[in-house]
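Inspection log for the structure reproduced underneath, given as structure tokens.
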Amino acid sequence: MRIKKILYIVAGCIAMGLGALGAVLPLLPAFPFLLLAAFCFAKSSERLHSWFTGTKLYKNNLESHVQGKGMTRKTKIRIMVTVTLLMTIGFIMMDQVLVGRIVLACVWVFHILYFSFGVKTIKVDGLVEG
């Protein structure tokens with residue numbers, strides 16, 4: 001059990017580091033890495049989870065989504081553009097793998113539909129847009 005806890009802590013730290021980079025770099029998405037970090041810290045240590053949920057990184061990128069409020073339009077667009085660019089690179093590199101291209105296209109469509117219709121859009125002042 002102790003090894004599992006250590007693995008969650010290590011994975012959480014790596015995910016948090018990648019999420020922090022993603023908050024600054026336009027091509028690296030912060031959201032999925034920070035979500036993974038929150039999950040790993042919740043599974044490993046209550047103290048680490050409490051610390052992480054109190055950070056500015058968490059509050060700016062995840063808090064409103066985790067609370068069910070949604071995301072700002074800017075955040076949703078940034079995530080969709082980043083994933084589209086990264087999946088386009090993968091799509092181009094799989095020119096000989098038709099099944100891979102089909103799977104990647106399906107994942108991309110699901111991603112766009114989820115962020116467009118499955119995640120609420122909030123205005124900066126906290127009012128829900130739709």
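All residue names refer to the structure tokens as shown: chains lettered A, B, ... in order, residues numbered from 1 in each chain, ligands numbered from 1 in order.
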Find the spatial neighbours of range 16-18 of chain A, counting only C-alpha atoms, within a cut-off of 10 Å - ignore same-chain residues fewer than 2 positions away - and output them as number ranges by chain.
-> A: 10-14, 20-23, 25, 28-38, 40-41, 52, 57-58
Would you list, as a ChimeraX atom specification, the residues of chain A that end up in strand (DSSP E or B) under DSSP run on this structure's backbone?
-> /A:71-72,121-122,128
Skipping near chain neighbours, those fewer than 3 positions away, what residues fall within 12 Å of range 95-109 of chain A using only C-alpha atoms, listed as a ChimeraX atom specification?
-> /A:79-92,112-117
Keeping all heavy atoms, export the residues of the selection given above as a short mmCIF file (atom, residue, chain, number, x, y, z; two decimals), in the first residue's frame.
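Produced file out-v3.cif, reproduced below:
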data_model
loop_
_atom_site.label_atom_id
_atom_site.label_comp_id
_atom_site.auth_asym_id
_atom_site.auth_seq_id
_atom_site.Cartn_x
_atom_site.Cartn_y
_atom_site.Cartn_z
N ILE A 79 -7.95 25.17 -24.71
CA ILE A 79 -7.84 23.71 -24.62
C ILE A 79 -8.14 23.07 -25.97
O ILE A 79 -7.41 22.20 -26.45
CB ILE A 79 -8.77 23.16 -23.53
CG1 ILE A 79 -8.25 23.56 -22.14
CG2 ILE A 79 -8.90 21.64 -23.63
CD1 ILE A 79 -9.23 23.28 -21.02
N MET A 80 -9.23 23.52 -26.62
CA MET A 80 -9.61 22.92 -27.91
C MET A 80 -8.57 23.17 -28.99
O MET A 80 -8.26 22.28 -29.78
CB MET A 80 -10.99 23.43 -28.34
CG MET A 80 -12.12 22.86 -27.50
SD MET A 80 -13.76 23.21 -28.13
CE MET A 80 -13.97 24.91 -27.70
N VAL A 81 -8.01 24.36 -29.04
CA VAL A 81 -6.99 24.69 -30.05
C VAL A 81 -5.72 23.87 -29.80
O VAL A 81 -5.15 23.30 -30.74
CB VAL A 81 -6.69 26.20 -30.06
CG1 VAL A 81 -5.42 26.51 -30.84
CG2 VAL A 81 -7.86 26.97 -30.63
N THR A 82 -5.30 23.78 -28.56
CA THR A 82 -4.10 23.02 -28.23
C THR A 82 -4.25 21.55 -28.62
O THR A 82 -3.37 20.97 -29.27
CB THR A 82 -3.78 23.14 -26.73
OG1 THR A 82 -3.60 24.51 -26.40
CG2 THR A 82 -2.53 22.38 -26.38
N VAL A 83 -5.36 20.96 -28.22
CA VAL A 83 -5.57 19.55 -28.53
C VAL A 83 -5.69 19.34 -30.03
O VAL A 83 -5.18 18.36 -30.58
CB VAL A 83 -6.79 19.00 -27.77
CG1 VAL A 83 -7.19 17.63 -28.27
CG2 VAL A 83 -6.49 18.95 -26.28
N THR A 84 -6.35 20.27 -30.72
CA THR A 84 -6.48 20.16 -32.18
C THR A 84 -5.11 20.19 -32.84
O THR A 84 -4.82 19.38 -33.73
CB THR A 84 -7.38 21.28 -32.73
OG1 THR A 84 -8.68 21.14 -32.15
CG2 THR A 84 -7.49 21.23 -34.23
N LEU A 85 -4.25 21.10 -32.40
CA LEU A 85 -2.91 21.18 -32.98
C LEU A 85 -2.11 19.90 -32.72
O LEU A 85 -1.48 19.35 -33.64
CB LEU A 85 -2.15 22.38 -32.41
CG LEU A 85 -2.63 23.75 -32.87
CD1 LEU A 85 -1.91 24.85 -32.09
CD2 LEU A 85 -2.39 23.92 -34.36
N LEU A 86 -2.16 19.41 -31.49
CA LEU A 86 -1.40 18.21 -31.17
C LEU A 86 -1.96 16.98 -31.90
O LEU A 86 -1.19 16.15 -32.39
CB LEU A 86 -1.42 17.97 -29.65
CG LEU A 86 -0.63 19.00 -28.84
CD1 LEU A 86 -0.84 18.78 -27.35
CD2 LEU A 86 0.84 18.97 -29.19
N MET A 87 -3.27 16.89 -32.01
CA MET A 87 -3.85 15.75 -32.72
C MET A 87 -3.60 15.84 -34.22
O MET A 87 -3.50 14.82 -34.89
CB MET A 87 -5.34 15.63 -32.41
CG MET A 87 -5.60 15.11 -31.03
SD MET A 87 -7.33 14.74 -30.83
CE MET A 87 -7.29 13.84 -29.29
N THR A 88 -3.52 17.04 -34.74
CA THR A 88 -3.19 17.21 -36.16
C THR A 88 -1.79 16.67 -36.46
O THR A 88 -1.58 16.01 -37.47
CB THR A 88 -3.29 18.70 -36.56
OG1 THR A 88 -4.63 19.14 -36.33
CG2 THR A 88 -2.93 18.91 -38.01
N ILE A 89 -0.87 16.95 -35.56
CA ILE A 89 0.50 16.42 -35.73
C ILE A 89 0.46 14.89 -35.74
O ILE A 89 1.06 14.25 -36.61
CB ILE A 89 1.43 16.94 -34.62
CG1 ILE A 89 1.63 18.45 -34.77
CG2 ILE A 89 2.77 16.21 -34.63
CD1 ILE A 89 2.28 19.13 -33.59
N GLY A 90 -0.26 14.30 -34.79
CA GLY A 90 -0.40 12.85 -34.75
C GLY A 90 -1.08 12.30 -35.99
O GLY A 90 -0.68 11.26 -36.54
N PHE A 91 -2.10 13.01 -36.45
CA PHE A 91 -2.84 12.59 -37.64
C PHE A 91 -1.93 12.58 -38.87
O PHE A 91 -1.95 11.63 -39.65
CB PHE A 91 -4.03 13.55 -37.86
CG PHE A 91 -5.03 13.07 -38.86
CD1 PHE A 91 -6.03 12.18 -38.49
CD2 PHE A 91 -4.99 13.51 -40.18
CE1 PHE A 91 -6.96 11.73 -39.42
CE2 PHE A 91 -5.91 13.08 -41.11
CZ PHE A 91 -6.90 12.18 -40.72
N ILE A 92 -1.12 13.61 -39.01
CA ILE A 92 -0.19 13.69 -40.14
C ILE A 92 0.86 12.59 -40.05
O ILE A 92 1.20 11.95 -41.06
CB ILE A 92 0.48 15.08 -40.19
CG1 ILE A 92 -0.56 16.14 -40.58
CG2 ILE A 92 1.66 15.10 -41.15
CD1 ILE A 92 -0.10 17.57 -40.38
N ILE A 112 -14.05 17.91 -28.96
CA ILE A 112 -14.67 19.18 -29.37
C ILE A 112 -16.13 19.23 -28.89
O ILE A 112 -16.58 20.24 -28.34
CB ILE A 112 -14.59 19.38 -30.90
CG1 ILE A 112 -13.12 19.49 -31.35
CG2 ILE A 112 -15.40 20.58 -31.34
CD1 ILE A 112 -12.35 20.64 -30.74
N LEU A 113 -16.86 18.14 -29.08
CA LEU A 113 -18.26 18.11 -28.63
C LEU A 113 -18.36 18.24 -27.11
O LEU A 113 -19.23 18.96 -26.61
CB LEU A 113 -18.94 16.82 -29.09
CG LEU A 113 -19.18 16.69 -30.59
CD1 LEU A 113 -19.71 15.30 -30.92
CD2 LEU A 113 -20.13 17.76 -31.08
N TYR A 114 -17.48 17.56 -26.39
CA TYR A 114 -17.52 17.64 -24.93
C TYR A 114 -17.28 19.06 -24.44
O TYR A 114 -18.03 19.57 -23.61
CB TYR A 114 -16.48 16.69 -24.31
CG TYR A 114 -16.40 16.82 -22.81
CD1 TYR A 114 -17.41 16.34 -22.00
CD2 TYR A 114 -15.31 17.47 -22.22
CE1 TYR A 114 -17.34 16.48 -20.62
CE2 TYR A 114 -15.24 17.61 -20.85
CZ TYR A 114 -16.25 17.12 -20.05
OH TYR A 114 -16.19 17.27 -18.69
N PHE A 115 -16.24 19.71 -24.93
CA PHE A 115 -15.95 21.06 -24.46
C PHE A 115 -16.94 22.09 -24.99
O PHE A 115 -17.17 23.11 -24.35
CB PHE A 115 -14.51 21.47 -24.78
CG PHE A 115 -13.53 20.94 -23.78
CD1 PHE A 115 -12.86 19.76 -24.00
CD2 PHE A 115 -13.31 21.60 -22.58
CE1 PHE A 115 -11.98 19.25 -23.07
CE2 PHE A 115 -12.44 21.10 -21.64
CZ PHE A 115 -11.77 19.92 -21.88
N SER A 116 -17.54 21.84 -26.14
CA SER A 116 -18.52 22.77 -26.68
C SER A 116 -19.86 22.68 -25.96
O SER A 116 -20.49 23.68 -25.66
CB SER A 116 -18.73 22.51 -28.17
OG SER A 116 -17.54 22.77 -28.88
N PHE A 117 -20.31 21.44 -25.71
CA PHE A 117 -21.66 21.25 -25.18
C PHE A 117 -21.70 20.64 -23.78
O PHE A 117 -22.70 20.79 -23.08
CB PHE A 117 -22.47 20.38 -26.13
CG PHE A 117 -22.55 20.94 -27.52
CD1 PHE A 117 -21.88 20.33 -28.57
CD2 PHE A 117 -23.26 22.10 -27.77
CE1 PHE A 117 -21.94 20.86 -29.85
CE2 PHE A 117 -23.33 22.64 -29.04
CZ PHE A 117 -22.66 22.01 -30.09
#
Picked from chain A by DSSP as alpha helix (DSSP H), as number ranges by chain | A: 2-24, 31-44, 46-53, 56-61, 63-66, 73-93, 98-113
So what do you get for CA of Thr75 in chain A versus CA of Glu63 in chain A, distance-wise?
-> 12.5 Å
